[in-house]
>>> print(open('structure_8.cif').read())   # mmCIF, C-alpha atoms
data_input
#
loop_
_atom_site.label_atom_id
_atom_site.label_comp_id
_atom_site.auth_asym_id
_atom_site.auth_seq_id
_atom_site.Cartn_x
_atom_site.Cartn_y
_atom_site.Cartn_z
CA MET F 22 87.26 113.29 147.18
CA ASN F 23 90.43 111.23 146.96
CA GLN F 24 92.02 111.30 143.53
CA MET F 25 93.05 108.30 141.51
CA ILE F 26 96.67 107.28 141.89
CA ILE F 27 97.83 106.49 138.35
CA ASN F 28 101.21 104.85 137.78
CA GLY F 29 101.25 105.75 134.10
CA VAL F 30 99.85 104.77 130.73
CA ASN F 31 99.67 101.00 130.37
CA SER F 32 98.70 100.50 126.73
CA GLN F 33 96.69 101.62 123.74
CA THR F 34 94.40 99.33 121.74
CA PHE F 35 93.65 99.84 118.03
CA VAL F 36 91.23 98.18 115.61
CA CYS F 37 92.62 96.80 112.34
CA SER F 38 91.36 94.80 109.37
CA ASP F 39 94.38 92.49 108.98
CA LEU F 40 96.65 91.41 111.84
CA GLN F 41 99.31 89.96 109.54
CA ARG F 42 99.74 93.28 107.78
CA VAL F 43 99.92 95.10 111.12
CA GLU F 44 102.51 92.62 112.41
CA GLN F 45 104.80 93.28 109.46
CA PHE F 46 104.39 97.02 109.95
CA TYR F 47 105.39 96.98 113.63
CA THR F 48 108.08 94.32 113.54
CA VAL F 49 109.80 94.88 110.19
CA MET F 50 109.36 98.63 109.77
CA LEU F 51 109.25 99.89 113.37
CA GLY F 52 111.41 97.29 115.10
CA LEU F 53 108.97 96.27 117.84
CA ARG F 54 108.46 92.69 118.96
CA VAL F 55 105.34 90.57 119.31
CA VAL F 56 104.76 89.78 122.97
CA LYS F 57 101.37 88.06 122.77
CA ARG F 58 99.12 86.36 120.24
CA THR F 59 95.71 85.66 121.67
CA VAL F 60 92.00 86.45 121.36
CA SER F 61 89.89 89.03 123.10
CA HIS F 62 88.90 88.10 126.64
CA LEU F 63 85.42 89.35 125.67
CA ASP F 64 84.91 87.03 122.70
CA GLY F 65 87.16 84.31 121.28
CA ARG F 66 86.21 85.22 117.72
CA LEU F 67 88.19 88.48 117.91
CA PRO F 68 91.93 87.87 117.38
CA VAL F 69 94.41 90.09 119.21
CA ILE F 70 98.13 90.80 118.87
CA THR F 71 100.26 92.85 121.27
CA PHE F 72 103.58 94.56 120.55
CA GLY F 73 106.25 95.58 123.02
CA PHE F 74 109.34 97.73 122.90
CA ASN F 75 112.91 96.53 123.23
CA SER F 76 112.92 97.08 126.98
CA LEU F 77 110.21 94.44 127.30
CA ALA F 78 112.86 91.67 127.17
CA GLU F 79 114.00 92.80 130.63
CA GLU F 80 110.75 94.24 131.96
CA PRO F 81 107.61 92.33 130.96
CA ARG F 82 105.33 95.08 132.31
CA SER F 83 106.42 97.84 129.97
CA GLN F 84 104.00 99.72 127.74
CA THR F 85 102.41 97.84 124.88
CA ILE F 86 100.40 98.46 121.72
CA THR F 87 97.53 96.07 121.07
CA TYR F 88 95.55 95.49 117.88
CA LEU F 89 92.18 93.80 117.67
CA GLU F 90 91.08 92.55 114.25
CA TRP F 91 87.66 93.42 112.81
CA ASN F 92 88.01 92.14 109.27
CA PRO F 93 84.69 92.11 107.32
CA ILE F 94 84.58 94.87 104.72
CA PHE F 95 80.79 95.22 104.78
CA TYR F 96 79.99 95.27 108.53
CA MET F 97 80.44 98.28 110.74
CA MET F 98 81.97 97.91 114.16
CA PRO F 99 79.42 98.24 117.00
CA LYS F 100 79.18 101.90 117.96
CA GLU F 101 79.42 101.11 121.69
CA GLY F 102 82.76 99.39 121.12
CA PHE F 103 84.09 96.22 122.68
CA THR F 104 83.72 96.71 126.42
CA ASP F 105 80.98 94.36 127.61
CA PRO F 106 80.93 90.56 127.06
CA ALA F 107 77.22 90.29 126.29
CA LEU F 108 77.20 93.26 123.93
CA VAL F 109 80.33 92.03 122.15
CA ALA F 110 78.89 88.55 121.66
CA ASP F 111 75.71 90.06 120.21
CA ALA F 112 77.68 92.44 117.95
CA VAL F 113 79.83 89.65 116.53
CA ALA F 114 76.88 87.31 116.08
CA ASN F 115 74.53 89.94 114.66
CA PRO F 116 76.63 92.49 112.76
CA ARG F 117 75.16 95.57 111.11
CA ALA F 118 75.84 96.30 107.47
CA GLY F 119 77.96 99.38 106.88
CA ASP F 120 81.43 100.85 106.62
CA PRO F 121 83.83 99.21 109.08
CA LYS F 122 86.35 102.05 108.88
CA GLY F 123 86.62 104.40 111.83
CA ARG F 124 86.60 108.18 111.65
CA TRP F 125 88.28 110.28 114.30
CA GLY F 126 86.33 113.08 115.92
CA ALA F 127 85.10 114.25 119.30
CA GLY F 128 85.07 111.32 121.68
CA THR F 129 87.78 109.33 119.90
CA ASN F 130 91.54 109.08 119.90
CA HIS F 131 93.48 111.08 117.31
CA HIS F 132 96.96 109.52 117.44
CA LEU F 133 99.56 107.63 119.41
CA ALA F 134 102.98 109.26 119.78
CA LEU F 135 106.04 107.04 120.19
CA HIS F 136 109.30 108.28 121.67
CA VAL F 137 112.86 108.91 120.47
CA PRO F 138 115.44 111.07 122.27
CA ASN F 139 116.37 113.65 119.65
CA ARG F 140 115.73 115.23 116.27
CA ASN F 141 118.42 113.28 114.44
CA GLY F 142 116.59 110.10 115.41
CA LEU F 143 113.38 111.62 114.09
CA LEU F 144 114.95 112.34 110.71
CA LYS F 145 116.37 108.82 110.56
CA TRP F 146 112.85 107.46 111.06
CA LYS F 147 111.52 109.71 108.32
CA ARG F 148 114.14 108.40 105.89
CA ARG F 149 113.59 104.78 106.90
CA LEU F 150 109.80 104.95 106.57
CA THR F 151 109.76 106.87 103.29
CA ASP F 152 112.22 104.34 101.85
CA PHE F 153 109.61 101.70 102.73
CA GLY F 154 107.06 103.69 100.73
CA ILE F 155 105.20 105.09 103.75
CA HIS F 156 104.03 108.70 103.50
CA VAL F 157 105.51 110.75 106.35
CA THR F 158 104.48 114.27 107.33
CA GLY F 159 106.95 116.49 109.20
CA PRO F 160 109.22 117.01 111.03
CA TYR F 161 107.17 119.67 112.77
CA ASN F 162 108.35 121.89 115.60
CA ARG F 163 105.74 121.37 118.32
CA HIS F 164 107.59 123.76 120.70
CA TYR F 165 107.91 121.08 123.41
CA PHE F 166 109.11 118.38 121.04
CA HIS F 167 109.61 117.72 117.32
CA ALA F 168 107.43 115.16 115.55
CA ILE F 169 106.68 113.24 112.37
CA TYR F 170 103.39 111.53 111.48
CA PHE F 171 102.50 108.53 109.33
CA PRO F 172 99.62 106.03 108.96
CA ASP F 173 99.44 102.45 110.13
CA PRO F 174 98.20 99.95 107.48
CA ASP F 175 94.56 100.92 108.14
CA GLY F 176 95.20 104.65 108.37
CA ALA F 177 95.47 105.20 112.13
CA ILE F 178 97.79 108.14 112.82
CA ILE F 179 101.11 107.26 114.45
CA GLU F 180 103.51 109.96 115.61
CA ILE F 181 107.15 109.76 116.61
CA ALA F 182 108.17 112.59 118.96
CA THR F 183 111.41 113.69 120.59
CA SER F 184 112.21 114.26 124.27
CA GLU F 185 113.74 117.63 123.42
CA PRO F 186 113.23 120.39 124.41
CA GLY F 187 110.62 119.28 126.98
CA PHE F 188 107.59 120.85 128.63
CA GLY F 189 109.34 123.13 131.12
CA HIS F 190 111.24 125.56 128.93
CA ASP F 191 108.50 128.20 128.68
CA GLU F 192 107.01 128.27 132.19
CA VAL F 193 108.22 127.60 135.73
CA VAL F 194 104.95 126.16 137.03
CA LEU F 195 103.62 123.73 134.43
CA GLY F 196 100.03 124.35 133.36
CA SER F 197 99.74 127.60 135.30
CA GLU F 198 98.82 129.77 132.31
CA PHE F 199 97.86 129.51 128.65
CA LYS F 200 100.99 129.57 126.49
CA HIS F 201 100.55 130.78 122.93
CA GLN F 202 102.68 129.16 120.25
CA PRO F 203 105.19 131.00 118.05
CA ALA F 204 103.63 131.97 114.71
CA GLU F 205 106.24 129.99 112.79
CA ASN F 206 104.93 126.75 114.36
CA LEU F 207 101.29 127.38 113.49
CA VAL F 208 99.41 126.28 110.40
CA GLY F 209 99.70 129.09 107.88
CA GLY F 210 102.86 130.43 109.50
CA ARG F 211 105.23 127.54 108.90
CA SER F 212 106.86 126.53 105.62
CA GLU F 213 105.24 123.22 104.70
CA LEU F 214 107.57 122.82 101.71
CA SER F 215 110.71 123.22 103.82
CA ILE F 216 109.34 120.79 106.38
CA ALA F 217 108.45 118.19 103.76
CA SER F 218 111.88 118.38 102.11
CA GLU F 219 113.90 117.73 105.27
CA THR F 220 115.10 114.17 105.87
CA TRP F 221 118.18 112.13 106.80
CA PRO F 222 120.72 112.11 103.96
CA ALA F 223 121.46 108.36 103.94
CA PRO F 224 119.28 105.22 103.91
CA MET F 225 118.57 103.63 107.30
CA PRO F 226 118.12 99.90 106.58
CA VAL F 227 119.00 98.91 110.18
CA ILE F 228 117.33 100.34 113.29
CA GLY F 229 120.21 101.50 115.48
CA ASP F 230 120.12 101.83 119.24
CA ASP F 231 120.41 105.60 118.89
CA TYR F 232 116.98 105.93 117.31
CA ALA F 233 115.13 102.75 118.34
CA LEU F 234 111.66 103.50 119.69
CA ARG F 235 111.73 103.83 123.50
CA GLY F 236 108.03 103.55 124.26
CA PHE F 237 105.11 106.00 124.36
CA HIS F 238 105.64 109.75 124.26
CA HIS F 239 101.97 110.66 124.62
CA ILE F 240 98.43 109.75 123.55
CA THR F 241 96.21 112.41 121.97
CA SER F 242 92.41 112.41 121.76
CA ILE F 243 89.78 114.97 120.75
CA SER F 244 87.53 116.99 123.03
CA SER F 245 84.58 119.14 121.98
CA ASN F 246 84.86 121.13 125.23
CA ALA F 247 88.38 121.61 126.64
CA GLU F 248 87.26 123.02 129.99
CA ARG F 249 84.84 120.14 130.60
CA THR F 250 87.54 117.61 129.72
CA GLU F 251 90.02 119.39 132.01
CA LYS F 252 87.62 119.24 134.94
CA PHE F 253 87.00 115.53 134.35
CA PHE F 254 90.60 114.38 134.01
CA VAL F 255 91.99 116.63 136.77
CA GLU F 256 89.24 116.61 139.39
CA THR F 257 87.67 113.20 138.75
CA VAL F 258 90.39 111.01 137.26
CA GLY F 259 93.23 112.73 139.10
CA LEU F 260 95.75 113.61 136.39
CA HIS F 261 97.97 116.71 136.49
CA LEU F 262 97.38 119.49 133.97
CA ILE F 263 100.86 120.41 132.71
CA LYS F 264 100.27 122.53 129.61
CA LYS F 265 97.58 124.72 128.07
CA THR F 266 98.49 125.89 124.60
CA ASP F 267 97.35 126.32 121.00
CA TYR F 268 96.45 123.48 118.68
CA LEU F 269 99.02 123.98 115.96
CA ASP F 270 97.07 122.51 113.04
CA GLU F 271 93.75 124.39 113.20
CA LYS F 272 93.15 128.01 114.11
CA GLY F 273 91.03 128.44 117.21
CA GLY F 274 91.78 125.01 118.67
CA THR F 275 93.53 124.31 121.96
CA HIS F 276 95.88 121.59 123.12
CA TYR F 277 95.88 120.56 126.79
CA TYR F 278 98.47 118.15 128.19
CA TYR F 279 97.96 115.96 131.28
CA ALA F 280 100.52 113.86 133.14
CA CYS F 281 100.01 110.78 135.27
CA ASP F 282 102.91 111.72 137.55
CA GLU F 283 104.79 114.84 138.55
CA ASP F 284 108.07 113.51 137.14
CA LEU F 285 106.71 113.61 133.55
CA SER F 286 108.26 110.22 132.91
CA PRO F 287 108.19 109.06 129.27
CA GLY F 288 104.79 107.72 128.33
CA SER F 289 102.99 109.30 131.29
CA VAL F 290 101.30 112.03 129.23
CA ILE F 291 97.88 112.12 127.57
CA THR F 292 96.68 115.15 125.63
CA PHE F 293 93.46 116.50 124.14
CA PHE F 294 92.88 118.73 121.15
CA GLY F 295 90.12 121.14 122.11
CA LEU F 296 87.93 121.62 119.03
CA PRO F 297 84.67 123.30 120.13
CA ASN F 298 81.52 121.54 118.95
CA TYR F 299 83.54 119.20 116.75
CA ALA F 300 81.60 116.36 115.10
CA PRO F 301 81.62 113.03 116.98
CA GLY F 302 83.91 110.32 115.68
CA ARG F 303 83.05 106.73 114.85
CA LEU F 304 84.83 103.62 116.08
CA GLY F 305 86.23 101.23 113.51
CA THR F 306 89.33 100.05 111.73
CA GLY F 307 92.13 102.59 111.44
CA LEU F 308 91.33 104.09 114.82
CA SER F 309 92.18 103.51 118.44
CA HIS F 310 89.53 101.73 120.50
CA HIS F 311 90.76 102.87 123.92
CA PHE F 312 93.77 103.72 126.04
CA THR F 313 94.49 102.16 129.42
CA LEU F 314 95.81 103.85 132.55
CA GLU F 315 97.56 101.73 135.15
CA VAL F 316 97.21 101.40 138.92
CA GLU F 317 99.41 99.42 141.27
CA ASN F 318 97.39 96.28 142.02
CA GLU F 319 93.95 94.69 142.25
CA PRO F 320 92.91 96.39 145.55
CA ALA F 321 93.83 99.76 144.02
CA LEU F 322 91.83 98.87 140.91
CA ALA F 323 88.73 98.05 142.98
CA ASP F 324 89.17 101.20 145.07
CA GLN F 325 89.43 103.44 142.03
CA ARG F 326 86.45 101.84 140.32
CA GLU F 327 84.34 102.53 143.40
CA ARG F 328 85.69 106.09 143.63
CA LEU F 329 84.75 106.84 140.01
CA LYS F 330 81.37 105.24 140.53
CA ARG F 331 80.70 107.47 143.56
CA ALA F 332 81.67 110.46 141.41
CA GLY F 333 78.88 109.59 139.00
CA VAL F 334 81.03 108.03 136.27
CA ALA F 335 79.55 104.99 134.53
CA VAL F 336 82.03 102.14 134.94
CA SER F 337 82.06 98.55 133.75
CA GLY F 338 82.59 95.62 136.06
CA ILE F 339 86.15 94.51 136.71
CA GLN F 340 87.12 92.07 133.96
CA ASP F 341 89.75 89.36 133.94
CA ALA F 342 91.70 90.06 130.74
CA VAL F 343 94.16 87.20 131.56
CA TYR F 344 97.23 89.45 131.51
CA SER F 345 95.68 92.13 133.69
CA LYS F 346 92.48 93.03 135.49
CA LEU F 347 90.66 96.10 134.19
CA PHE F 348 87.49 98.14 133.97
CA HIS F 349 86.25 100.62 131.36
CA PHE F 350 84.79 104.11 131.66
CA ARG F 351 84.14 107.00 129.28
CA ASP F 352 85.19 110.64 129.25
CA PRO F 353 82.59 113.42 128.83
CA ASP F 354 82.72 113.10 125.01
CA GLY F 355 82.22 109.33 125.18
CA HIS F 356 85.82 108.30 124.52
CA ILE F 357 86.49 104.79 125.88
CA CYS F 358 89.16 104.67 128.58
CA ALA F 359 90.27 101.85 130.86
CA VAL F 360 92.11 101.38 134.13
CA SER F 361 94.10 98.20 134.69
CA THR F 362 96.60 96.47 136.88
CA PRO F 363 100.12 96.11 135.41
CA SER F 364 100.21 93.70 132.47
CA ASP F 365 102.09 90.43 132.89
CA PHE F 366 102.47 88.47 129.67
CA THR F 367 104.55 85.73 131.29
CA VAL F 368 101.58 84.03 132.95
CA ASP F 369 101.30 81.57 130.05
CA GLU F 370 104.64 81.94 128.21
CA ASP F 371 108.25 82.21 129.34
CA SER F 372 109.72 85.67 128.83
CA GLU F 373 112.09 84.43 126.12
CA ASP F 374 109.20 82.82 124.21
CA LEU F 375 106.72 85.68 124.29
CA GLY F 376 104.59 85.97 121.16
CA GLN F 377 105.70 82.66 119.65
CA SER F 378 102.38 80.82 119.84
CA LEU F 379 98.65 81.42 120.14
CA CYS F 380 97.75 81.72 123.82
CA LEU F 381 94.15 81.19 124.89
CA PRO F 382 92.37 81.74 128.18
CA GLU F 383 91.95 78.45 130.02
CA SER F 384 88.19 78.58 129.47
CA LEU F 385 88.72 78.58 125.69
CA GLU F 386 91.31 75.81 125.47
CA PRO F 387 88.63 73.15 124.73
CA ARG F 388 87.75 75.23 121.64
CA ARG F 389 91.33 75.67 120.41
CA VAL F 390 90.85 73.77 117.13
CA GLU F 391 87.70 75.73 116.35
CA ILE F 392 89.35 79.05 117.20
CA GLU F 393 92.52 78.32 115.23
CA ARG F 394 90.43 77.34 112.22
CA HIS F 395 88.38 80.52 112.59
CA LEU F 396 91.55 82.64 112.72
CA ALA F 397 93.08 80.86 109.73
CA PHE F 398 90.09 81.48 107.47
CA ARG F 399 88.85 84.68 109.14
CA PRO F 400 85.19 84.35 108.18
CA ALA F 401 82.88 87.32 108.37
CA PRO F 402 80.60 87.40 111.42
CA THR F 403 77.29 85.60 110.98
CA PRO F 404 74.19 85.39 113.16
CA ILE F 405 73.86 82.47 115.51
CA LEU F 406 70.78 80.64 114.24
CA PRO F 407 68.30 79.26 116.79
CA GLU F 408 68.46 75.52 117.28
#
>>> encode(input="structure_8.cif", output="structure tokens")
Amino acid sequence: MNQMIINGVNSQTFVCSDLQRVEQFYTVMLGLRVVKRTVSHLDGRLPVITFGFNSLAEEPRSQTITYLEWNPIFYMMPKEGFTDPALVADAVANPRAGDPKGRWGAGTNHHLALHVPNRNGLLKWKRRLTDFGIHVTGPYNRHYFHAIYFPDPDGAIIEIATSEPGFGHDEVVLGSEFKHQPAENLVGGRSELSIASETWPAPMPVIGDDYALRGFHHITSISSNAERTEKFFVETVGLHLIKKTDYLDEKGGTHYYYACDEDLSPGSVITFFGLPNYAPGRLGTGLSHHFTLEVENEPALADQRERLKRAGVAVSGIQDAVYSKLFHFRDPDGHICAVSTPSDFTVDEDSEDLGQSLCLPESLEPRRVEIERHLAFRPAPTPILPE
């Protein structure tokens, strides 16, 4: 069976309760830029904002972080997620009472890791974020990189990780054997107090080029069966297994790393914590909804959808998301994944004006006033009453 040819990781989409708060977090605190304000292609009542990295000014198809707003505090998000137009319309029109907050577990994402070159940059980020009043954990030695962790405004875990020392320093053939971690890196073996006390000695009010965020480092999700997940992503999806090692934060867990390409280019890596029989997670605010892998063009997208379908994977239809074409599928634990063509945010805005105004799909332009009013007041979902 031919394997999928993945160019890399395209994007990751999160669910939040307040887009304005998220925008301040990413632009003011993290130094990213807004590249698109729009609504979900699945339902115009779901506002969406997309952030890009500094390189996006020259390359409009770079990696992006997208947030979708689900704002009522007394309605849970639909458990099947936002992947099908009919189901999304029904979920928004007929919400179920309950806690809207997500909970990570088997079948969900755990965190998104962003990328800086070195450890000094990591410490500068720790100082900058703590000066903003954000709780930061780390820096931890993850053996292949160093990392800090902090929450987004809804509690989703964001990591910043270094390039150094890389994945190749402890084995010649990546992923060829299980590599145990040094005891001093493991929970119970490391000095949490020493780690917590380390930071940059001076305030960092300005984000310098030396530690500005470069893009994605990796995306990490949770598997209840590491071997089953490995078989799926290597044999069915077509990724490369590059590392099998210990999960550093819980005894008995594993951490498997997969790459989209053999060059291990930044942002091409997705990983899974293997936590046997771990409880399933729940989609909602403060959690990622899905990550998106990228193929070259629309014919490749159609080919790969058919290939996954022949392999017995349930796939959605190909959807026109305005800035890309995509389809959804799920991993063996039920985690939502997507495959898309490269994103192009210049189809309705000039590159120098990205993110300046609300962009709507052409089909929704006649409803612009209604949609803008809905976004301004952000009403809770209500059933559509029969006429």
>>> resolve_selection(input="structure_8.cif", expression="the PyMOL selection byres ((chain F and resi 177) around 12)", output="ChimeraX atom specification")
/F:34-38,43,88,122-125,129-134,170-176,178-180,304-310
>>> write_last_selection(input="structure_8.cif", atoms="C-alpha atoms", output="PDB file, in the coordinates of the input")
ATOM      1  CA  THR F  34      94.400  99.330 121.740  1.00  0.00           C
ATOM      2  CA  PHE F  35      93.650  99.840 118.030  1.00  0.00           C
ATOM      3  CA  VAL F  36      91.230  98.180 115.610  1.00  0.00           C
ATOM      4  CA  CYS F  37      92.620  96.800 112.340  1.00  0.00           C
ATOM      5  CA  SER F  38      91.360  94.800 109.370  1.00  0.00           C
ATOM      6  CA  VAL F  43      99.920  95.100 111.120  1.00  0.00           C
ATOM      7  CA  TYR F  88      95.550  95.490 117.880  1.00  0.00           C
ATOM      8  CA  LYS F 122      86.350 102.050 108.880  1.00  0.00           C
ATOM      9  CA  GLY F 123      86.620 104.400 111.830  1.00  0.00           C
ATOM     10  CA  ARG F 124      86.600 108.180 111.650  1.00  0.00           C
ATOM     11  CA  TRP F 125      88.280 110.280 114.300  1.00  0.00           C
ATOM     12  CA  THR F 129      87.780 109.330 119.900  1.00  0.00           C
ATOM     13  CA  ASN F 130      91.540 109.080 119.900  1.00  0.00           C
ATOM     14  CA  HIS F 131      93.480 111.080 117.310  1.00  0.00           C
ATOM     15  CA  HIS F 132      96.960 109.520 117.440  1.00  0.00           C
ATOM     16  CA  LEU F 133      99.560 107.630 119.410  1.00  0.00           C
ATOM     17  CA  ALA F 134     102.980 109.260 119.780  1.00  0.00           C
ATOM     18  CA  TYR F 170     103.390 111.530 111.480  1.00  0.00           C
ATOM     19  CA  PHE F 171     102.500 108.530 109.330  1.00  0.00           C
ATOM     20  CA  PRO F 172      99.620 106.030 108.960  1.00  0.00           C
ATOM     21  CA  ASP F 173      99.440 102.450 110.130  1.00  0.00           C
ATOM     22  CA  PRO F 174      98.200  99.950 107.480  1.00  0.00           C
ATOM     23  CA  ASP F 175      94.560 100.920 108.140  1.00  0.00           C
ATOM     24  CA  GLY F 176      95.200 104.650 108.370  1.00  0.00           C
ATOM     25  CA  ILE F 178      97.790 108.140 112.820  1.00  0.00           C
ATOM     26  CA  ILE F 179     101.110 107.260 114.450  1.00  0.00           C
ATOM     27  CA  GLU F 180     103.510 109.960 115.610  1.00  0.00           C
ATOM     28  CA  LEU F 304      84.830 103.620 116.080  1.00  0.00           C
ATOM     29  CA  GLY F 305      86.230 101.230 113.510  1.00  0.00           C
ATOM     30  CA  THR F 306      89.330 100.050 111.730  1.00  0.00           C
ATOM     31  CA  GLY F 307      92.130 102.590 111.440  1.00  0.00           C
ATOM     32  CA  LEU F 308      91.330 104.090 114.820  1.00  0.00           C
ATOM     33  CA  SER F 309      92.180 103.510 118.440  1.00  0.00           C
ATOM     34  CA  HIS F 310      89.530 101.730 120.500  1.00  0.00           C
TER      35      HIS F 310
END
>>> atom_distance(input="structure_8.cif", atom1="CA of Pro320 in chain F", atom2="CA of Thr362 in chain F")
9.4 Å
>>> resolve_selection(input="structure_8.cif", expression="the PyMOL selection byres ((chain F and resi 294-302) around 8)", output="list of chain:residue names")
F:Gly123, F:Arg124, F:Trp125, F:Gly126, F:Ala127, F:Gly128, F:Thr129, F:Thr241, F:Ser242, F:Ile243, F:Ser244, F:Ser245, F:Asn246, F:Ala247, F:Tyr268, F:Gly273, F:Gly274, F:Thr275, F:His276, F:Tyr277, F:Thr292, F:Phe293, F:Arg303, F:Leu304
>>> closest_residue(input="structure_8.cif", among="F:Leu143, F:Leu53, F:Ala168, F:Val316", to="Tyr232 in chain F", atoms="all atoms listed in the file")
F:Leu143
>>> resolve_selection(input="structure_8.cif", expression="the PyMOL selection byres ((chain F and resi 282) around 8)", output="list in words")
Ile27, Asn28, Gly29, Leu260, His261, Ala280, Cys281, Glu283, Asp284, Leu285, Ser286 and Ser289 of chain F
>>> closest_residue(input="structure_8.cif", among="F:Glu90, F:Asp120, F:Gln202, F:Val60", to="Gln41 in chain F", atoms="all atoms listed in the file")
F:Glu90
>>> closest_residue(input="structure_8.cif", among="F:Ile181, F:Gln340, F:Thr257, F:Gly119", to="Leu150 in chain F", atoms="all atoms listed in the file")
F:Ile181
>>> atom_distance(input="structure_8.cif", atom1="CA of Tyr96 in chain F", atom2="CA of Ile357 in chain F")
20.8 Å
>>> atom_distance(input="structure_8.cif", atom1="CA of Phe199 in chain F", atom2="CA of Thr266 in chain F")
5.5 Å
>>> closest_residue(input="structure_8.cif", among="F:Asn75, F:Ser364, F:Ser197, F:Thr403", to="Val55 in chain F", atoms="only C-alpha atoms")
F:Asn75
>>> residues_around(input="structure_8.cif", residues="Thr104 in chain F", least_positions_apart="6", cutoff="10 Å", atoms="all atoms listed in the file", output="PyMOL selection string")
chain F and resi 63+310-311+337-338+340+348-350+357-359
>>> closest_residue(input="structure_8.cif", among="F:Ser32, F:Leu269, F:Ala110, F:Pro99", to="Phe72 in chain F", atoms="all atoms listed in the file")
F:Ser32
>>> residues_around(input="structure_8.cif", residues="Val56 in chain F", least_positions_apart="4", cutoff="7 Å", atoms="all atoms listed in the file", output="list in words")
Thr71, Phe72, Gly73, Leu375 and Gly376 of chain F
>>> axis_aligned_box(input="structure_8.cif", around="range 210-227 of chain F", padding_each_side="6 Å", output="JSON")
{"center_x": 112.2, "center_y": 114.7, "center_z": 105.9, "size_x": 30.6, "size_y": 43.5, "size_z": 20.5}
>>> residues_around(input="structure_8.cif", residues="Val109 in chain F", least_positions_apart="5", cutoff="10 Å", atoms="all atoms listed in the file", output="list in words")
Leu63, Asp64, Leu67, Pro99, Glu101, Gly102, Phe103, Thr104, Ala114 and Asn115 of chain F
>>> closest_residue(input="structure_8.cif", among="F:Val227, F:Leu314, F:Ala233, F:Leu262", to="Gln84 in chain F", atoms="only C-alpha atoms")
F:Leu314
>>> residues_around(input="structure_8.cif", residues="Val69 in chain F", least_positions_apart="3", cutoff="9 Å", atoms="all atoms listed in the file", output="PDB file with C-alpha atoms, keeping the file's coordinate frame")
ATOM      1  CA  LEU F  40      96.650  91.410 111.840  1.00  0.00           C
ATOM      2  CA  LYS F  57     101.370  88.060 122.770  1.00  0.00           C
ATOM      3  CA  ARG F  58      99.120  86.360 120.240  1.00  0.00           C
ATOM      4  CA  THR F  59      95.710  85.660 121.670  1.00  0.00           C
ATOM      5  CA  VAL F  60      92.000  86.450 121.360  1.00  0.00           C
ATOM      6  CA  SER F  61      89.890  89.030 123.100  1.00  0.00           C
ATOM      7  CA  THR F  87      97.530  96.070 121.070  1.00  0.00           C
ATOM      8  CA  TYR F  88      95.550  95.490 117.880  1.00  0.00           C
ATOM      9  CA  LEU F  89      92.180  93.800 117.670  1.00  0.00           C
ATOM     10  CA  GLU F  90      91.080  92.550 114.250  1.00  0.00           C
TER      11      GLU F  90
END
>>> residues_around(input="structure_8.cif", residues="Glu393 in chain F", least_positions_apart="4", cutoff="12 Å", atoms="only C-alpha atoms", output="PyMOL selection string")
chain F and resi 58-60+65-68+378-381+385-389+397-400
